[in-house]
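Coordinates from start_22.pdb are shown below (PDB, C-alpha atoms).
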ATOM      1  CA  MET A  28       0.000   0.000   0.000
ATOM      2  CA  MET A  29       1.309   3.436  -0.955
ATOM      3  CA  THR A  30       2.299   5.655   1.941
ATOM      4  CA  LYS A  31      -0.355   8.306   2.336
ATOM      5  CA  VAL A  32       1.682  11.085   3.946
ATOM      6  CA  SER A  33       5.334  11.948   4.545
ATOM      7  CA  ILE A  34       6.335  14.164   7.463
ATOM      8  CA  ILE A  35       9.800  15.692   7.079
ATOM      9  CA  ILE A  36      11.628  16.669  10.262
ATOM     10  CA  PRO A  37      15.058  18.354  10.183
ATOM     11  CA  VAL A  38      17.126  17.570  13.281
ATOM     12  CA  TYR A  39      20.106  19.518  14.566
ATOM     13  CA  ASN A  40      21.532  19.030  18.078
ATOM     14  CA  ALA A  41      18.071  18.245  19.405
ATOM     15  CA  VAL A  42      18.936  15.616  22.005
ATOM     16  CA  LYS A  43      17.076  17.522  24.749
ATOM     17  CA  SER A  44      13.816  17.805  22.819
ATOM     18  CA  LEU A  45      13.926  14.440  21.019
ATOM     19  CA  PRO A  46      12.186  12.515  23.837
ATOM     20  CA  TYR A  47       9.143  14.778  23.357
ATOM     21  CA  LEU A  48       9.276  14.482  19.567
ATOM     22  CA  LEU A  49       9.623  10.704  19.511
ATOM     23  CA  ALA A  50       6.860  10.268  22.087
ATOM     24  CA  ASP A  51       4.556  12.439  19.987
ATOM     25  CA  LEU A  52       5.395  10.405  16.891
ATOM     26  CA  GLN A  53       4.447   7.196  18.679
ATOM     27  CA  LYS A  54       1.120   8.685  19.793
ATOM     28  CA  GLN A  55      -0.023   9.630  16.298
ATOM     29  CA  THR A  56      -3.463   8.206  15.573
ATOM     30  CA  TYR A  57      -2.878   8.160  11.802
ATOM     31  CA  GLN A  58      -1.445   4.821  10.702
ATOM     32  CA  ASN A  59      -0.180   5.207   7.147
ATOM     33  CA  ALA A  60       2.582   7.779   7.546
ATOM     34  CA  GLU A  61       6.329   7.929   7.180
ATOM     35  CA  PHE A  62       8.327  10.186   9.486
ATOM     36  CA  ILE A  63      11.558  11.209   7.782
ATOM     37  CA  MET A  64      14.076  12.626  10.254
ATOM     38  CA  VAL A  65      17.034  14.308   8.582
ATOM     39  CA  ASN A  66      20.024  14.640  10.877
ATOM     40  CA  ASP A  67      21.724  17.848   9.714
ATOM     41  CA  GLY A  68      25.251  17.214  10.977
ATOM     42  CA  SER A  69      24.380  17.163  14.677
ATOM     43  CA  THR A  70      27.369  17.141  17.018
ATOM     44  CA  ASP A  71      25.409  15.677  19.939
ATOM     45  CA  GLU A  72      23.776  12.249  20.257
ATOM     46  CA  SER A  73      20.681  13.098  18.218
ATOM     47  CA  ALA A  74      21.355  10.589  15.446
ATOM     48  CA  GLN A  75      22.000   7.753  17.896
ATOM     49  CA  VAL A  76      18.861   8.541  19.907
ATOM     50  CA  ILE A  77      16.768   8.401  16.727
ATOM     51  CA  ALA A  78      18.475   5.222  15.502
ATOM     52  CA  ASP A  79      17.805   3.487  18.838
ATOM     53  CA  PHE A  80      14.171   4.603  18.700
ATOM     54  CA  ILE A  81      13.688   3.256  15.161
ATOM     55  CA  LYS A  82      15.076  -0.157  16.127
ATOM     56  CA  LYS A  83      12.308  -0.513  18.714
ATOM     57  CA  GLN A  84       9.466   0.299  16.293
ATOM     58  CA  THR A  85       8.783  -3.254  15.194
ATOM     59  CA  THR A  86       4.983  -3.294  15.444
ATOM     60  CA  SER A  87       4.033   0.169  14.195
ATOM     61  CA  SER A  88       2.175   0.522  10.896
ATOM     62  CA  ASN A  89       3.936   3.849  10.412
ATOM     63  CA  SER A  90       7.537   3.977   9.243
ATOM     64  CA  TYR A  91      10.429   5.918  10.700
ATOM     65  CA  ILE A  92      13.413   6.883   8.583
ATOM     66  CA  LEU A  93      16.718   8.468   9.598
ATOM     67  CA  ILE A  94      18.821  10.270   6.982
ATOM     68  CA  ASP A  95      22.260  11.649   7.813
ATOM     69  CA  GLN A  96      23.794  14.617   6.031
ATOM     70  CA  ALA A  97      26.553  17.132   6.663
ATOM     71  CA  ASP A  98      25.617  20.391   8.385
ATOM     72  CA  GLU A  99      24.000  22.064   5.366
ATOM     73  CA  GLY A 100      21.089  23.911   6.967
ATOM     74  CA  VAL A 101      17.355  23.438   7.337
ATOM     75  CA  SER A 102      16.527  24.011   3.644
ATOM     76  CA  ALA A 103      18.964  21.338   2.492
ATOM     77  CA  ALA A 104      17.604  18.993   5.157
ATOM     78  CA  ARG A 105      14.019  19.484   3.997
ATOM     79  CA  ASN A 106      15.085  19.028   0.365
ATOM     80  CA  ASN A 107      16.822  15.801   1.300
ATOM     81  CA  GLY A 108      13.664  14.642   3.017
ATOM     82  CA  LEU A 109      11.557  15.556  -0.006
ATOM     83  CA  SER A 110      13.837  13.521  -2.275
ATOM     84  CA  HIS A 111      13.256  10.430  -0.116
ATOM     85  CA  ALA A 112       9.549  10.969   0.523
ATOM     86  CA  GLY A 113       7.059   8.485  -0.876
ATOM     87  CA  GLY A 114       3.836   9.940   0.432
ATOM     88  CA  GLU A 115       0.875  11.273  -1.491
ATOM     89  CA  TYR A 116       0.947  14.307   0.792
ATOM     90  CA  MET A 117       3.800  16.289   2.347
ATOM     91  CA  MET A 118       3.973  17.753   5.858
ATOM     92  CA  PHE A 119       6.754  19.339   7.896
ATOM     93  CA  ALA A 120       7.627  19.468  11.582
ATOM     94  CA  ASP A 121      10.576  20.647  13.662
ATOM     95  CA  SER A 122      12.477  18.549  16.175
ATOM     96  CA  ASP A 123      12.096  21.032  19.030
ATOM     97  CA  ASP A 124       8.309  21.407  18.799
ATOM     98  CA  ARG A 125       5.383  19.246  19.853
ATOM     99  CA  PHE A 126       2.105  18.195  18.268
ATOM    100  CA  ALA A 127      -1.192  16.614  19.227
ATOM    101  CA  PRO A 128      -1.859  12.878  18.710
ATOM    102  CA  ASN A 129      -4.258  13.697  15.855
ATOM    103  CA  PHE A 130      -1.868  16.179  14.171
ATOM    104  CA  VAL A 131      -1.309  14.051  11.065
ATOM    105  CA  GLU A 132      -4.813  12.579  11.009
ATOM    106  CA  GLU A 133      -6.572  15.945  10.975
ATOM    107  CA  TYR A 134      -4.302  17.421   8.307
ATOM    108  CA  VAL A 135      -4.848  14.451   6.000
ATOM    109  CA  LYS A 136      -8.587  14.408   6.704
ATOM    110  CA  ALA A 137      -8.898  18.090   5.787
ATOM    111  CA  ILE A 138      -7.054  17.895   2.462
ATOM    112  CA  GLU A 139      -8.995  14.796   1.413
ATOM    113  CA  GLN A 140     -12.423  16.002   2.483
ATOM    114  CA  ASN A 141     -11.979  19.459   0.955
ATOM    115  CA  GLN A 142     -10.252  18.100  -2.178
ATOM    116  CA  THR A 143      -7.712  20.905  -2.025
ATOM    117  CA  ASP A 144      -4.058  21.216  -2.992
ATOM    118  CA  ILE A 145      -3.003  22.849   0.276
ATOM    119  CA  GLU A 146      -4.543  22.989   3.742
ATOM    120  CA  ILE A 147      -3.304  25.522   6.307
ATOM    121  CA  PHE A 148      -3.923  25.253  10.059
ATOM    122  CA  SER A 149      -3.669  27.545  13.047
ATOM    123  CA  LEU A 150      -0.896  26.833  15.565
ATOM    124  CA  SER A 151      -0.173  27.445  19.236
ATOM    125  CA  LYS A 152       2.995  29.125  20.487
ATOM    126  CA  VAL A 153       4.215  27.650  23.776
ATOM    127  CA  ASN A 154       7.134  28.290  26.132
ATOM    128  CA  ASP A 155       7.219  24.956  27.945
ATOM    129  CA  LEU A 156       7.434  21.530  26.323
ATOM    130  CA  ASP A 157       6.006  19.816  29.405
ATOM    131  CA  THR A 158       3.015  22.003  30.212
ATOM    132  CA  LEU A 159       2.487  23.351  26.666
ATOM    133  CA  ASN A 160       1.762  26.747  28.199
ATOM    134  CA  GLU A 161       0.338  28.868  25.380
ATOM    135  CA  ILE A 162       1.845  32.351  25.052
ATOM    136  CA  GLY A 163       0.492  33.178  21.610
ATOM    137  CA  ARG A 164      -1.341  31.790  18.651
ATOM    138  CA  VAL A 165      -1.484  32.000  14.874
ATOM    139  CA  ASP A 166      -5.260  32.114  14.674
ATOM    140  CA  TYR A 167      -7.005  31.621  11.344
ATOM    141  CA  THR A 168     -10.568  31.697  12.699
ATOM    142  CA  ASP A 169     -11.593  34.569  10.408
ATOM    143  CA  LEU A 170      -9.888  33.238   7.272
ATOM    144  CA  ALA A 171     -11.388  29.803   7.868
ATOM    145  CA  LYS A 172     -14.776  31.338   7.087
ATOM    146  CA  GLN A 173     -13.674  32.317   3.564
ATOM    147  CA  GLY A 174     -14.024  28.860   2.039
ATOM    148  CA  ILE A 175     -11.694  27.759  -0.757
ATOM    149  CA  LEU A 176      -8.991  30.325  -1.567
ATOM    150  CA  SER A 177      -7.398  30.894  -4.957
ATOM    151  CA  GLY A 178      -3.746  31.645  -5.570
ATOM    152  CA  SER A 179      -4.621  35.343  -5.807
ATOM    153  CA  ASP A 180      -6.396  35.174  -2.444
ATOM    154  CA  TYR A 181      -3.320  33.557  -0.910
ATOM    155  CA  PHE A 182      -1.022  36.339  -2.118
ATOM    156  CA  LYS A 183      -3.436  39.028  -0.964
ATOM    157  CA  TYR A 184      -3.571  37.601   2.557
ATOM    158  CA  LEU A 185       0.146  36.773   2.644
ATOM    159  CA  ALA A 186       1.053  40.339   1.701
ATOM    160  CA  ALA A 187      -1.152  41.692   4.489
ATOM    161  CA  ASP A 188       0.302  39.357   7.156
ATOM    162  CA  GLN A 189      -2.998  37.507   7.407
ATOM    163  CA  ILE A 190      -1.500  34.210   6.217
ATOM    164  CA  TYR A 191       1.922  33.040   7.329
ATOM    165  CA  ALA A 192       4.366  30.470   5.990
ATOM    166  CA  TYR A 193       4.972  28.370   9.085
ATOM    167  CA  PRO A 194       5.718  25.037   7.393
ATOM    168  CA  HIS A 195       4.205  23.088  10.294
ATOM    169  CA  SER A 196       0.820  24.639   9.473
ATOM    170  CA  TYR A 197       0.717  23.234   5.937
ATOM    171  CA  ILE A 198      -0.089  19.977   4.205
ATOM    172  CA  PHE A 199       0.570  19.797   0.449
ATOM    173  CA  LYS A 200      -0.244  17.437  -2.345
ATOM    174  CA  ARG A 201       3.044  15.759  -3.253
ATOM    175  CA  THR A 202       2.651  16.768  -6.897
ATOM    176  CA  LEU A 203       3.113  20.438  -5.985
ATOM    177  CA  TRP A 204       6.740  19.713  -5.057
ATOM    178  CA  GLN A 205       7.705  18.027  -8.314
ATOM    179  CA  GLY A 206      10.720  19.923  -9.617
ATOM    180  CA  ARG A 207      10.583  22.325  -6.673
ATOM    181  CA  GLN A 208      12.478  22.677  -3.422
ATOM    182  CA  PHE A 209      13.585  25.121  -0.737
ATOM    183  CA  ASP A 210      16.377  27.475  -1.788
ATOM    184  CA  PRO A 211      19.407  26.394   0.314
ATOM    185  CA  LYS A 212      21.020  29.805  -0.234
ATOM    186  CA  VAL A 213      18.202  31.499   1.678
ATOM    187  CA  SER A 214      18.522  31.163   5.448
ATOM    188  CA  TYR A 215      15.526  33.201   6.607
ATOM    189  CA  GLN A 216      11.957  33.144   5.220
ATOM    190  CA  GLU A 217      13.001  30.292   2.933
ATOM    191  CA  ASP A 218       9.624  28.690   3.598
ATOM    192  CA  ARG A 219       7.679  31.807   2.568
ATOM    193  CA  LEU A 220       9.643  31.921  -0.674
ATOM    194  CA  ALA A 221       9.166  28.230  -1.465
ATOM    195  CA  PHE A 222       5.437  28.245  -0.748
ATOM    196  CA  SER A 223       4.852  31.455  -2.701
ATOM    197  CA  LEU A 224       6.628  30.072  -5.759
ATOM    198  CA  ILE A 225       4.491  26.935  -5.596
ATOM    199  CA  VAL A 226       1.274  28.938  -5.399
ATOM    200  CA  ALA A 227       2.319  31.381  -8.124
ATOM    201  CA  ASN A 228       3.188  28.613 -10.548
ATOM    202  CA  THR A 229       0.246  26.268 -10.001
ATOM    203  CA  PRO A 230      -2.760  27.155 -12.197
ATOM    204  CA  GLY A 231      -6.114  26.767 -10.498
ATOM    205  CA  ILE A 232      -4.618  25.960  -7.107
ATOM    206  CA  LYS A 233      -7.144  25.352  -4.320
ATOM    207  CA  ILE A 234      -6.218  26.328  -0.758
ATOM    208  CA  HIS A 235      -8.226  26.073   2.437
ATOM    209  CA  VAL A 236      -7.525  27.546   5.878
ATOM    210  CA  ASN A 237      -8.571  25.946   9.175
ATOM    211  CA  GLN A 238      -9.147  27.493  12.585
ATOM    212  CA  GLU A 239      -8.107  24.356  14.481
ATOM    213  CA  SER A 240      -4.600  23.973  15.910
ATOM    214  CA  TYR A 241      -2.784  20.676  16.423
ATOM    215  CA  TYR A 242       0.805  21.945  16.524
ATOM    216  CA  TYR A 243       2.745  23.467  19.432
ATOM    217  CA  TYR A 244       5.461  25.820  18.217
ATOM    218  CA  TYR A 245       8.089  26.114  20.957
ATOM    219  CA  ILE A 246       9.398  29.621  21.645
ATOM    220  CA  HIS A 247      12.626  29.557  23.615
ATOM    221  CA  ASP A 248      15.749  31.619  24.170
ATOM    222  CA  ASP A 249      17.579  29.913  21.305
ATOM    223  CA  SER A 250      14.800  30.452  18.755
ATOM    224  CA  ALA A 251      16.102  31.936  15.496
ATOM    225  CA  THR A 252      13.501  34.685  15.632
ATOM    226  CA  ARG A 253      14.505  35.678  19.148
ATOM    227  CA  LYS A 254      18.159  36.184  18.181
ATOM    228  CA  LEU A 255      17.480  37.619  14.739
ATOM    229  CA  PRO A 256      19.664  40.669  14.009
ATOM    230  CA  ALA A 257      17.988  43.543  12.206
ATOM    231  CA  ALA A 258      20.495  43.090   9.383
ATOM    232  CA  LYS A 259      19.063  39.616   8.734
ATOM    233  CA  LEU A 260      15.845  41.219   7.561
ATOM    234  CA  GLU A 261      17.775  42.657   4.617
ATOM    235  CA  GLU A 262      17.744  39.108   3.235
ATOM    236  CA  THR A 263      13.986  39.059   3.725
ATOM    237  CA  ILE A 264      13.673  42.144   1.518
ATOM    238  CA  ILE A 265      15.341  40.175  -1.278
ATOM    239  CA  VAL A 266      12.954  37.270  -0.631
ATOM    240  CA  ASP A 267       9.984  39.666  -0.739
ATOM    241  CA  GLN A 268      11.188  41.079  -4.048
ATOM    242  CA  ARG A 269      11.502  37.572  -5.509
ATOM    243  CA  ILE A 270       7.981  36.732  -4.337
ATOM    244  CA  ILE A 271       6.555  39.896  -5.884
ATOM    245  CA  ARG A 272       8.332  39.282  -9.195
ATOM    246  CA  ALA A 273       7.035  35.711  -9.287
ATOM    247  CA  ALA A 274       3.469  36.824  -8.632
ATOM    248  CA  LEU A 275       3.582  39.557 -11.264
ATOM    249  CA  LYS A 276       5.107  37.266 -13.884
ATOM    250  CA  SER A 277       2.612  34.518 -13.198
ATOM    251  CA  GLY A 278      -0.481  34.333 -15.300
ATOM    252  CA  ASN A 279      -2.243  32.775 -12.328
ATOM    253  CA  ILE A 280      -2.095  35.632  -9.816
ATOM    254  CA  ASP A 281      -4.326  38.698 -10.113
ATOM    255  CA  VAL A 282      -2.938  40.975  -7.400
ATOM    256  CA  SER A 283      -1.453  44.413  -8.033
ATOM    257  CA  GLU A 284       2.145  45.324  -7.291
ATOM    258  CA  ALA A 285       0.903  47.988  -4.852
ATOM    259  CA  VAL A 286      -0.898  45.343  -2.790
ATOM    260  CA  LEU A 287       2.103  43.007  -2.929
ATOM    261  CA  ASN A 288       4.339  45.834  -1.711
ATOM    262  CA  GLN A 289       2.793  45.315   1.713
ATOM    263  CA  LEU A 290       5.354  42.515   2.061
ATOM    264  CA  ILE A 291       8.301  44.884   1.763
ATOM    265  CA  THR A 292       6.735  47.713   3.754
ATOM    266  CA  SER A 293       6.026  45.293   6.605
ATOM    267  CA  THR A 294       9.551  43.868   6.519
ATOM    268  CA  TYR A 295      11.126  47.326   6.653
ATOM    269  CA  TRP A 296       8.937  48.168   9.636
ATOM    270  CA  GLN A 297      10.020  44.942  11.376
ATOM    271  CA  MET A 298      13.620  45.903  10.650
ATOM    272  CA  LEU A 299      13.008  49.323  12.135
ATOM    273  CA  VAL A 300      11.475  47.826  15.288
ATOM    274  CA  LEU A 301      14.349  45.375  15.742
ATOM    275  CA  SER A 302      16.924  48.105  15.212
ATOM    276  CA  VAL A 303      15.354  50.083  18.069
ATOM    277  CA  GLN A 304      15.203  47.035  20.341
ATOM    278  CA  GLN A 305      18.837  46.267  19.540
ATOM    279  CA  ASP A 306      19.945  49.917  19.664
ATOM    280  CA  ASP A 307      21.368  49.819  16.131
ATOM    281  CA  GLN A 308      21.196  53.306  14.640
ATOM    282  CA  LYS A 309      22.751  52.282  11.334
ATOM    283  CA  GLN A 310      20.033  49.689  10.746
ATOM    284  CA  PHE A 311      17.399  52.160  11.924
ATOM    285  CA  ASN A 312      18.460  54.640   9.245
ATOM    286  CA  LEU A 313      18.478  51.911   6.584
ATOM    287  CA  ALA A 314      15.027  50.699   7.613
ATOM    288  CA  LYS A 315      13.682  54.231   7.737
ATOM    289  CA  ARG A 316      14.799  54.962   4.165
ATOM    290  CA  GLY A 317      13.346  51.699   2.880
ATOM    291  CA  PHE A 318      10.060  52.120   4.727
ATOM    292  CA  LEU A 319       9.545  55.664   3.473
ATOM    293  CA  HIS A 320      10.437  54.637  -0.076
ATOM    294  CA  TYR A 321       7.871  51.824  -0.237
ATOM    295  CA  VAL A 322       5.022  53.052   1.955
ATOM    296  CA  GLY A 323       3.895  55.531  -0.697
ATOM    297  CA  GLN A 324       3.852  52.740  -3.297
ATOM    298  CA  THR A 325       1.752  50.402  -1.173
ATOM    299  CA  GLU A 326      -1.968  49.695  -1.151
ATOM    300  CA  PHE A 327      -3.074  48.262   2.182
ATOM    301  CA  ASN A 328      -5.773  45.619   2.606
ATOM    302  CA  THR A 329      -7.474  47.451   5.468
ATOM    303  CA  ALA A 330      -8.200  51.092   6.243
ATOM    304  CA  ASP A 331      -6.824  50.634   9.768
ATOM    305  CA  MET A 332      -3.440  49.458   8.485
ATOM    306  CA  ALA A 333      -3.319  52.269   5.906
ATOM    307  CA  LYS A 334      -3.976  54.815   8.657
ATOM    308  CA  LYS A 335      -1.350  53.266  10.918
ATOM    309  CA  ARG A 336       1.363  53.181   8.245
ATOM    310  CA  LYS A 337       0.613  56.761   7.117
ATOM    311  CA  LEU A 338       1.018  58.017  10.694
ATOM    312  CA  GLN A 339       4.307  56.132  11.081
ATOM    313  CA  ALA A 340       5.549  57.553   7.781
ATOM    314  CA  ALA A 341       4.518  61.097   8.725
ATOM    315  CA  LEU A 342       6.489  60.950  11.980
ATOM    316  CA  LEU A 343       9.562  59.616  10.198
ATOM    317  CA  ARG A 344       9.376  62.202   7.413
ATOM    318  CA  LEU A 345       9.269  64.935  10.067
ATOM    319  CA  ASN A 346      12.389  63.344  11.565
ATOM    320  CA  LEU A 347      10.505  62.724  14.804
ATOM    321  CA  ASP A 348      12.497  59.547  15.218
ATOM    322  CA  PHE A 349      12.472  59.877  19.002
ATOM    323  CA  VAL A 350       8.666  59.650  18.994
ATOM    324  CA  VAL A 351       8.731  56.494  16.867
ATOM    325  CA  LYS A 352      11.436  54.942  19.059
ATOM    326  CA  SER A 353       9.523  55.799  22.216
ATOM    327  CA  LYS A 354       6.357  54.139  20.897
ATOM    328  CA  ILE A 355       8.317  51.030  19.900
ATOM    329  CA  ARG A 356      10.022  50.775  23.311
ATOM    330  CA  HIS A 357       6.763  51.168  25.187
TER     331      HIS A 357
END
Structure rendered as structure tokens:
Amino acid sequence: MMTKVSIIIPVYNAVKSLPYLLADLQKQTYQNAEFIMVNDGSTDESAQVIADFIKKQTTSSNSYILIDQADEGVSAARNNGLSHAGGEYMMFADSDDRFAPNFVEEYVKAIEQNQTDIEIFSLSKVNDLDTLNEIGRVDYTDLAKQGILSGSDYFKYLAADQIYAYPHSYIFKRTLWQGRQFDPKVSYQEDRLAFSLIVANTPGIKIHVNQESYYYYYIHDDSATRKLPAAKLEETIIVDQRIIRAALKSGNIDVSEAVLNQLITSTYWQMLVLSVQQDDQKQFNLAKRGFLHYVGQTEFNTADMAKKRKLQAALLRLNLDFVVKSKIRH
């Protein structure tokens, strides 16, 4: 029988969180899945812990696969997993997160019942792997009411920060990944780029968003987003520009450049906020110039966001930087 779904899990020095991950894998209610764990050059005992776990899985109807590679990064690890995947559907998870026992089952059920190409789910942000204490949430309750989304809808909501590219929230038809992969040269927002290119280049794509959450995204002191330097967002600007070019070149996406520019305007504002939090005046000046350049070329999805961005731009144009910094700090 063909494997129904492949779940790709990059692993890097995850020995502390692996007991949670492996326990959650064992508890999965879905019974026709393969869990592909790609050890990305770990220097701890991660690979051995996984290998020992796999040896004990003699009665499970799911399969567990360990792939070793040199330390090449998360994109290369996911690509390696994709190349070995045999499932009809593709999912992703991270080795330092947790998920509910029906995580896989509900994702597969949704994509089959709705006959879509992609299903997207809400997720919970937690700060404790034992208690799963929720400190935030990516909540798609409102979008879940919209029914089936087109590729144009996806780009409209993505540009307005109403849809996000957390890979753990997605399940894809395997066919969408044929000839496609994550760009290993991109180290931040590589998932947003990969997913956007898939949507832009798939005619008639059908996407559905769900309000339910079955994934616990662990926020901790070592999280990449916590330690992200403002300068790293410069790479995101390049990603945003690639996404916009792809959408505009595609004959499948009917969204204006002004609407898509929300991506870049938002990224420059994030850069500006981080530069204040990290007391980096050079990055603040760079972000300020970029924000002011794009905000006038941007059409916002909501009147509230348009009003907010216009006020921010007015303060910056008047060189009232101290007011902007004060609002960010408080």
- [ ] Could you jot down the CA of Tyr321 (chain A) to CA of Gly278 (chain A) separation for me, Å, one decimal place?
- [x]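 So the two atoms, CA of Tyr321 (chain A) and CA of Gly278 (chain A), lie 24.5 Å apart.
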Task: Minimum-distance residue to Ile34 (chain A), chosen among A:Asn59, A:Gln324, A:Gln310, A:Thr292 (using all atoms listed in the file) - done: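 When distances to Ile34 (chain A) are compared using all atoms listed in the file, the smallest one comes from A:Asn59.
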Counting all atoms listed in the file, which residues of region 177-250 of chain A sit at most 8 Å from some atom of region 133-156 of chain A, and what is each one's closest atom pair with its distance in Å to one decimal, listed by chain and rising residue number, as a tab-separated table?
residue	atom	partner	partner_atom	distance
A:Ser196	CA	A:Phe148	CA	4.8
A:Tyr197	CA	A:Ile147	CA	4.6
A:Ile198	CA	A:Glu146	CA	5.4
A:Phe199	CA	A:Ile145	CA	4.7
A:Lys200	CA	A:Asp144	CA	5.4
A:Leu203	CA	A:Asp144	CA	7.8
A:Ile232	CA	A:Asp144	CA	6.3
A:Lys233	CA	A:Thr143	CA	5.0
A:Ile234	CA	A:Ile145	CA	4.8
A:His235	CA	A:Glu146	CA	5.0
A:Val236	CA	A:Ile147	CA	4.7
A:Asn237	CA	A:Phe148	CA	4.8
A:Gln238	CA	A:Ser149	CA	5.5
A:Glu239	CA	A:Ser149	CA	5.6
A:Ser240	CA	A:Ser149	CA	4.7
A:Tyr241	CA	A:Leu150	CA	6.5
A:Tyr242	CA	A:Leu150	CA	5.3
A:Tyr243	CA	A:Ser151	CA	4.9
A:Tyr244	CA	A:Lys152	CA	4.7
A:Tyr245	CA	A:Val153	CA	5.0
A:Ile246	CA	A:Asn154	CA	5.2
A:His247	CA	A:Asn154	CA	6.2
TODO: Measure the distance from CA of Met332 (chain A) to CA of Lys276 (chain A) in Å and round it to one decimal.
DONE: 26.9 Å
Task: Residue nearest Leu301 (chain A) - candidates A:Leu287, A:Leu260, A:Ser33, A:Ser179, atoms counted: only C-alpha atoms - done: A:Leu260
Open item on the list: At a cut-off of 12 Å, using only C-alpha atoms, what residues contact Ser283 (chain A)? Leave out same-chain residues fewer than 2 positions from it and give the result as a PyMOL selection string.
Closed with: chain A and resi 179-180+182-183+186+271-272+274-277+280-281+285-289+324-328
Task: Output check: residues returned by the PyMOL selection byres ((chain A and resi 111) around 10), as a ChimeraX atom specification - done: /A:33,35,63,92,94,105-110,112-114
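Residue nearest Phe318 (chain A) within the list A:Val300, A:Leu185, A:Met118, A:Ala41: A:Val300 [criterion: smallest interatomic distance, only C-alpha atoms].
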Open item on the list: Report, in Å to a single decimal, how far apart CA of Thr202 (chain A) and CA of Gln96 (chain A) are.
Closed with: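 One can read the CA of Gln96 (chain A) to CA of Thr202 (chain A) distance as 24.9 Å.
Among the candidates A:Asp331, A:Glu132, A:Asp67, A:Asp169, the one nearest to Gly100 (chain A) when counting all atoms listed in the file is A:Asp67.
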Task: Result set of the PyMOL selection byres ((chain A and resi 192) around 7) on the coordinates above, as an NGL selection string - done: :A and (190-191 or 193-194 or 218-219)
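Of the residues under consideration (A:Gln53, A:Ser223, A:Asn129, A:Ser122), A:Gln53 shows the shortest atom-to-atom contact distance to Lys83 (chain A) when counting all atoms listed in the file.
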Take region 347-351 of chain A, bring it up to all heavy atoms, and give me the output as a compact mmCIF listing (two decimals), in the coordinates of the input.
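And here is the file that came out, part_6.txt:
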# COMPACT_ATOMS: atom_id res chain seq x y z
N LEU A 347 10.87 62.90 13.40
CA LEU A 347 10.50 62.72 14.80
C LEU A 347 10.83 61.28 15.22
O LEU A 347 9.98 60.54 15.75
CB LEU A 347 9.03 63.03 15.00
CG LEU A 347 8.62 64.49 14.72
CD1 LEU A 347 7.11 64.66 14.84
CD2 LEU A 347 9.35 65.43 15.66
N ASP A 348 12.08 60.92 14.96
CA ASP A 348 12.50 59.55 15.22
C ASP A 348 12.34 59.19 16.69
O ASP A 348 12.02 58.04 17.03
CB ASP A 348 13.95 59.34 14.80
CG ASP A 348 14.15 59.52 13.29
OD1 ASP A 348 13.15 59.73 12.59
OD2 ASP A 348 15.31 59.45 12.84
N PHE A 349 12.55 60.15 17.57
CA PHE A 349 12.47 59.88 19.00
C PHE A 349 11.05 59.48 19.41
O PHE A 349 10.86 58.67 20.32
CB PHE A 349 12.94 61.09 19.82
CG PHE A 349 12.01 62.27 19.77
CD1 PHE A 349 11.06 62.48 20.76
CD2 PHE A 349 12.10 63.19 18.73
CE1 PHE A 349 10.21 63.57 20.71
CE2 PHE A 349 11.24 64.29 18.67
CZ PHE A 349 10.29 64.47 19.67
N VAL A 350 10.06 60.02 18.71
CA VAL A 350 8.67 59.65 18.99
C VAL A 350 8.41 58.21 18.57
O VAL A 350 7.81 57.42 19.30
CB VAL A 350 7.68 60.60 18.28
CG1 VAL A 350 6.23 60.14 18.52
CG2 VAL A 350 7.88 62.04 18.74
N VAL A 351 8.89 57.86 17.37
CA VAL A 351 8.73 56.49 16.87
C VAL A 351 9.45 55.51 17.80
O VAL A 351 8.89 54.46 18.17
CB VAL A 351 9.29 56.38 15.43
CG1 VAL A 351 9.25 54.92 14.95
CG2 VAL A 351 8.50 57.27 14.48
